[in-house]
Amino acid sequence: MNIVYVAFRGHFSDSPRALYEELVRRGVDATHTWLSAPHTQASFPAGVATIEFGSPESIASLEQADLVVSNDHIPLDWEKRPGTTYLQTWHGTPLKRIHNDVLWAPEGRLAYLEHDIARWDHLVSPNPASTPRFRKAFGFEGPVHETGYPRNDVLSSPGRDEVRARVRAELGLRDGQTAVLYTPTWRDDLVFNKTGPRDFEFAVDLEDFSARLGEDHVLLLRLHNMVMDRLEIAEGSPVRDVCGHPDISELYLAADVLVTDYSSTMFDFAVTGKPILFLTYDLEYFSDELRGFYFDLAEVAPTPLLRTSAELVEALADLDALTARTADRYARFRETFCSLEDGHATERVLDVIFPADTVSPGTANTRGGDDSAHS
């Protein structure tokens with residue numbers, strides 16, 4: 001069996017990585033090939049076979065695959081041959097409107113991506129709330145499997161404390177130092193239309209952050225994969241650029257608190273039970289004009305939305321009190337979006353793709369197949 005993996009157009013990460021590592025662990029008889037990008041090649045472990053994303057060889061590998069596993073659209077022109085299975089894991093619970101539901105997109109972009117959706121055979125959903133939104137946005141009529149996300153299994157794994165210690169050591173974080181993981185999402189207009197001096201906005205006042213919180217706090221900056229520019233970090237800055245870290249799930253474990261705006265990282269990070277803060281300085285523009293939301297974030301979010309950097313720094317300075325006040329809201333958020341994140345999503349997804357005799361003992365499907373109950 002030939003299996004080809006694609007994550008974010010060339011990364012070794014996300015749910016395809018979790019599925020690959022489990023198949024290797026099980027010793028499934030298969031040839032595994034990853035599509036990689038030049039700037040991510042070094043992040044692939046030795047011994048992992050790679051082909052450059054977008055090259056003629058990558059097209060050929062997709063066309064010769066028995067199984068294609070991707071976490072995003074594959075924006076390449078390839079012919080899916082009869083007998084090939086295409087598993088689309090996608091890459092996040094949607095707060096932001098996606099695909100056909102977006103308020104705006106560059107001309108021709110959605111039509112081009114439709115060619116990829118037409119190839120999908122199976123679609124993974126992280127929770128019941130996402131399933132009908134995926135179906136409508138993608139116009140996908142095939143089976144949607146509510147399994148949770150394989151990429152999040154590590155957050156509940158027995159080895160999560162060891163991963164946290166290792167990654168914090170790699171990042172040079174001291175014991176007792178609060179790691180604030182900042183994951184702003186991308187802005188369609190900045191990325192596609194270049195309406196600003198760079199393709200992201202940095203909304204945190206670093207001088208205030210340092211003055212108020214001191215060296216006890218470090219800001220781990222993780223920009224979206226659609227953003228290519230990078231922040232110029234001055235010596236002595238509290239910011240650590242972790243955009244190049246291979247897998248964000250490890251950063252979730254290393255961090256002590258998440259700061260985001262509208263990124264789906266909020267739903268994954270909630271699996272850890274650690275605090276989440278929201279810096280939503282352009283809420284009305286983003287929700288009403290640029291992208292649109294599926295639900296009212298202010299109503300659903302586990303903590304109140306913050307509009308300024310000053311409010312964010314104040315919340316970080318008094319995080320324990322805020323966490324105590326919002327415990328009920330956080331519990332409702334996790335119940336809605338994290339009910340399937342029990343550390344066994346990888347097993348459930350593989351149960352969908354492979355017959356029972358290839359599944360290791362003790363990995364029975366605990367959720368079931370498609371989403372017929374939620375159609």
# chains A, B, ... in the order shown; residues from 1 in each chain; ligands from 1
>>> residues_around(residues="Arg119 of chain A", least_positions_apart="5", cutoff="10 Å", atoms="only C-alpha atoms", output="list of chain:residue names")
A:Trp78, A:Glu79, A:Lys80, A:Arg81, A:Thr84, A:Thr85, A:Tyr86, A:Leu87, A:Gln88, A:Glu114
>>> residues_around(residues="Asp216 of chain A", least_positions_apart="4", cutoff="9 Å", atoms="only C-alpha atoms", output="list in words")
Arg174, Gly176, Gln177, Thr178 and Ala179 of chain A
>>> residues_around(residues="Val300 of chain A", least_positions_apart="4", cutoff="10 Å", atoms="only C-alpha atoms", output="list of chain:residue names")
A:Phe295, A:Asp296, A:Pro304, A:Arg329, A:Tyr330, A:Arg332, A:Phe333, A:Thr336
>>> residues_around(residues="Phe278 of chain A", least_positions_apart="4", cutoff="6 Å", atoms="only C-alpha atoms", output="JSON, numbers by chain")
{"A": [259, 260, 261, 305, 306]}
>>> closest_atom_pairs(of="segment 202-313 of chain A", to="segment 94-106 of chain A", cutoff="9 Å", atoms="only C-alpha atoms", output="tab-separated table")
residue	atom	partner	partner_atom	distance
A:Tyr262	CA	A:Leu95	CA	6.9
A:Ser263	CA	A:Leu95	CA	7.7
A:Ser264	CA	A:Pro94	CA	6.5
A:Ser287	CA	A:Lys96	CA	8.0
A:Asp288	CA	A:Leu103	CA	8.3
A:Glu289	CA	A:Leu103	CA	6.8
A:Leu290	CA	A:Leu103	CA	6.2
A:Arg291	CA	A:Leu103	CA	5.1
A:Gly292	CA	A:Arg97	CA	5.5
A:Phe293	CA	A:Lys96	CA	4.6
A:Tyr294	CA	A:Leu95	CA	5.5
A:Phe295	CA	A:Leu95	CA	6.7
A:Asp296	CA	A:Leu95	CA	8.8
A:Leu297	CA	A:Leu95	CA	7.8
>>> select_by_dssp(residues="segment 228-288 of chain A", states="alpha helix (DSSP H)", output="list of chain:residue names")
A:Ile248, A:Ser249, A:Glu250, A:Leu251, A:Tyr252, A:Leu253, A:Ala254, A:Thr265, A:Met266, A:Phe267, A:Asp268, A:Phe269, A:Leu283, A:Glu284, A:Tyr285
>>> closest_residue(among="A:His115, A:His245, A:Arg164, A:Arg212", to="Phe140 of chain A", atoms="only C-alpha atoms")
A:His115
>>> closest_residue(among="A:Leu219, A:Ala203, A:Arg17, A:Arg348", to="Arg307 of chain A", atoms="only C-alpha atoms")
A:Ala203
>>> residues_around(residues="Ala327 of chain A", least_positions_apart="6", cutoff="12 Å", atoms="only C-alpha atoms", output="PDB file with all heavy atoms, in the first residue's frame")
ATOM      1  N   GLY A 273      -7.064  22.044  29.669  1.00  0.00           N
ATOM      2  CA  GLY A 273      -7.671  22.621  30.864  1.00  0.00           C
ATOM      3  C   GLY A 273      -6.979  23.873  31.357  1.00  0.00           C
ATOM      4  O   GLY A 273      -7.391  24.448  32.372  1.00  0.00           O
ATOM      5  N   LYS A 274      -5.944  24.333  30.647  1.00  0.00           N
ATOM      6  CA  LYS A 274      -5.207  25.525  31.073  1.00  0.00           C
ATOM      7  C   LYS A 274      -5.912  26.795  30.582  1.00  0.00           C
ATOM      8  O   LYS A 274      -6.707  26.743  29.641  1.00  0.00           O
ATOM      9  CB  LYS A 274      -3.768  25.448  30.575  1.00  0.00           C
ATOM     10  CG  LYS A 274      -2.968  24.341  31.258  1.00  0.00           C
ATOM     11  CD  LYS A 274      -1.513  24.283  30.813  1.00  0.00           C
ATOM     12  CE  LYS A 274      -1.338  23.702  29.445  1.00  0.00           C
ATOM     13  NZ  LYS A 274       0.075  23.343  29.142  1.00  0.00           N
ATOM     14  N   PRO A 275      -5.626  27.956  31.202  1.00  0.00           N
ATOM     15  CA  PRO A 275      -6.373  29.187  30.893  1.00  0.00           C
ATOM     16  C   PRO A 275      -6.230  29.647  29.442  1.00  0.00           C
ATOM     17  O   PRO A 275      -5.183  29.461  28.813  1.00  0.00           O
ATOM     18  CB  PRO A 275      -5.761  30.221  31.846  1.00  0.00           C
ATOM     19  CG  PRO A 275      -5.124  29.428  32.936  1.00  0.00           C
ATOM     20  CD  PRO A 275      -4.663  28.157  32.302  1.00  0.00           C
ATOM     21  N   ILE A 276      -7.301  30.273  28.946  1.00  0.00           N
ATOM     22  CA  ILE A 276      -7.344  30.836  27.600  1.00  0.00           C
ATOM     23  C   ILE A 276      -7.817  32.287  27.695  1.00  0.00           C
ATOM     24  O   ILE A 276      -8.835  32.562  28.343  1.00  0.00           O
ATOM     25  CB  ILE A 276      -8.290  30.053  26.688  1.00  0.00           C
ATOM     26  CG1 ILE A 276      -7.905  28.568  26.643  1.00  0.00           C
ATOM     27  CG2 ILE A 276      -8.308  30.641  25.279  1.00  0.00           C
ATOM     28  CD1 ILE A 276      -8.906  27.694  25.905  1.00  0.00           C
ATOM     29  N   ALA A 301     -17.194  32.001  24.544  1.00  0.00           N
ATOM     30  CA  ALA A 301     -15.801  31.959  25.010  1.00  0.00           C
ATOM     31  C   ALA A 301     -15.709  31.669  26.501  1.00  0.00           C
ATOM     32  O   ALA A 301     -16.550  32.129  27.282  1.00  0.00           O
ATOM     33  CB  ALA A 301     -15.097  33.273  24.698  1.00  0.00           C
ATOM     34  N   PRO A 302     -14.691  30.936  26.920  1.00  0.00           N
ATOM     35  CA  PRO A 302     -14.551  30.587  28.338  1.00  0.00           C
ATOM     36  C   PRO A 302     -14.152  31.744  29.238  1.00  0.00           C
ATOM     37  O   PRO A 302     -14.295  31.648  30.454  1.00  0.00           O
ATOM     38  CB  PRO A 302     -13.469  29.505  28.330  1.00  0.00           C
ATOM     39  CG  PRO A 302     -12.712  29.732  27.073  1.00  0.00           C
ATOM     40  CD  PRO A 302     -13.690  30.267  26.077  1.00  0.00           C
ATOM     41  N   THR A 303     -13.648  32.831  28.654  1.00  0.00           N
ATOM     42  CA  THR A 303     -13.309  34.032  29.429  1.00  0.00           C
ATOM     43  C   THR A 303     -13.770  35.251  28.644  1.00  0.00           C
ATOM     44  O   THR A 303     -13.947  35.186  27.421  1.00  0.00           O
ATOM     45  CB  THR A 303     -11.793  34.136  29.690  1.00  0.00           C
ATOM     46  OG1 THR A 303     -11.092  34.048  28.439  1.00  0.00           O
ATOM     47  CG2 THR A 303     -11.312  33.026  30.618  1.00  0.00           C
ATOM     48  N   PRO A 304     -13.957  36.393  29.317  1.00  0.00           N
ATOM     49  CA  PRO A 304     -14.421  37.596  28.625  1.00  0.00           C
ATOM     50  C   PRO A 304     -13.435  38.048  27.542  1.00  0.00           C
ATOM     51  O   PRO A 304     -12.227  37.876  27.678  1.00  0.00           O
ATOM     52  CB  PRO A 304     -14.505  38.636  29.752  1.00  0.00           C
ATOM     53  CG  PRO A 304     -14.650  37.835  31.007  1.00  0.00           C
ATOM     54  CD  PRO A 304     -13.857  36.591  30.781  1.00  0.00           C
ATOM     55  N   ASP A 320      -5.072  33.852  38.095  1.00  0.00           N
ATOM     56  CA  ASP A 320      -5.716  32.887  38.992  1.00  0.00           C
ATOM     57  C   ASP A 320      -7.131  33.321  39.354  1.00  0.00           C
ATOM     58  O   ASP A 320      -8.057  32.501  39.383  1.00  0.00           O
ATOM     59  CB  ASP A 320      -4.881  32.702  40.256  1.00  0.00           C
ATOM     60  CG  ASP A 320      -3.590  31.946  39.999  1.00  0.00           C
ATOM     61  OD1 ASP A 320      -3.475  31.318  38.928  1.00  0.00           O
ATOM     62  OD2 ASP A 320      -2.692  31.986  40.855  1.00  0.00           O
ATOM     63  N   ALA A 321      -7.298  34.603  39.612  1.00  0.00           N
ATOM     64  CA  ALA A 321      -8.623  35.106  39.977  1.00  0.00           C
ATOM     65  C   ALA A 321      -9.585  34.994  38.794  1.00  0.00           C
ATOM     66  O   ALA A 321     -10.751  34.593  38.955  1.00  0.00           O
ATOM     67  CB  ALA A 321      -8.525  36.555  40.446  1.00  0.00           C
ATOM     68  N   PHE A 333     -17.570  25.270  27.703  1.00  0.00           N
ATOM     69  CA  PHE A 333     -16.804  25.333  26.464  1.00  0.00           C
ATOM     70  C   PHE A 333     -16.196  23.964  26.156  1.00  0.00           C
ATOM     71  O   PHE A 333     -16.284  23.460  25.024  1.00  0.00           O
ATOM     72  CB  PHE A 333     -15.710  26.390  26.618  1.00  0.00           C
ATOM     73  CG  PHE A 333     -14.929  26.690  25.372  1.00  0.00           C
ATOM     74  CD1 PHE A 333     -15.422  27.572  24.419  1.00  0.00           C
ATOM     75  CD2 PHE A 333     -13.682  26.106  25.152  1.00  0.00           C
ATOM     76  CE1 PHE A 333     -14.699  27.873  23.268  1.00  0.00           C
ATOM     77  CE2 PHE A 333     -12.949  26.396  24.006  1.00  0.00           C
ATOM     78  CZ  PHE A 333     -13.457  27.281  23.067  1.00  0.00           C
ATOM     79  N   ARG A 334     -15.593  23.339  27.148  1.00  0.00           N
ATOM     80  CA  ARG A 334     -14.971  22.031  26.948  1.00  0.00           C
ATOM     81  C   ARG A 334     -16.025  20.960  26.659  1.00  0.00           C
ATOM     82  O   ARG A 334     -15.786  20.065  25.833  1.00  0.00           O
ATOM     83  CB  ARG A 334     -14.155  21.636  28.178  1.00  0.00           C
ATOM     84  CG  ARG A 334     -12.954  22.536  28.433  1.00  0.00           C
ATOM     85  CD  ARG A 334     -12.111  21.989  29.568  1.00  0.00           C
ATOM     86  NE  ARG A 334     -11.374  20.801  29.151  1.00  0.00           N
ATOM     87  CZ  ARG A 334     -10.805  19.942  29.996  1.00  0.00           C
ATOM     88  NH1 ARG A 334     -10.930  20.113  31.309  1.00  0.00           N
ATOM     89  NH2 ARG A 334     -10.123  18.907  29.550  1.00  0.00           N
TER      90      ARG A 334
END
>>> closest_residue(among="A:Val271, A:Ala315, A:Leu223, A:Val204", to="Ser156 of chain A", atoms="only C-alpha atoms")
A:Val271
>>> select_by_dssp(residues="segment 81-302 of chain A", states="strand (DSSP E or B)", output="number ranges by chain")
A: 85-88, 96, 122-125, 144-146, 178-183, 217-221, 239-241, 257-260, 276-279, 293
>>> atom_distance(atom1="atom CA of Ile51 of chain A", atom2="atom CA of Pro246 of chain A")
17.5 Å
>>> residues_around(residues="Arg168 of chain A", least_positions_apart="5", cutoff="9 Å", atoms="only C-alpha atoms", output="PDB file with C-alpha atoms, in the first residue's frame")
ATOM      1  CA  VAL A 163       6.865  16.324  26.419  1.00  0.00           C
ATOM      2  CA  LEU A 173      12.096  28.249  29.824  1.00  0.00           C
ATOM      3  CA  ARG A 174      12.886  28.180  33.527  1.00  0.00           C
ATOM      4  CA  ASP A 175      10.838  26.397  36.155  1.00  0.00           C
ATOM      5  CA  ALA A 179       4.886  30.702  29.094  1.00  0.00           C
ATOM      6  CA  LEU A 251       3.710  24.068  22.447  1.00  0.00           C
ATOM      7  CA  LEU A 253       1.898  21.321  26.592  1.00  0.00           C
ATOM      8  CA  ALA A 254       4.864  23.649  27.169  1.00  0.00           C
ATOM      9  CA  ALA A 255       2.668  26.728  27.629  1.00  0.00           C
TER      10      ALA A 255
END
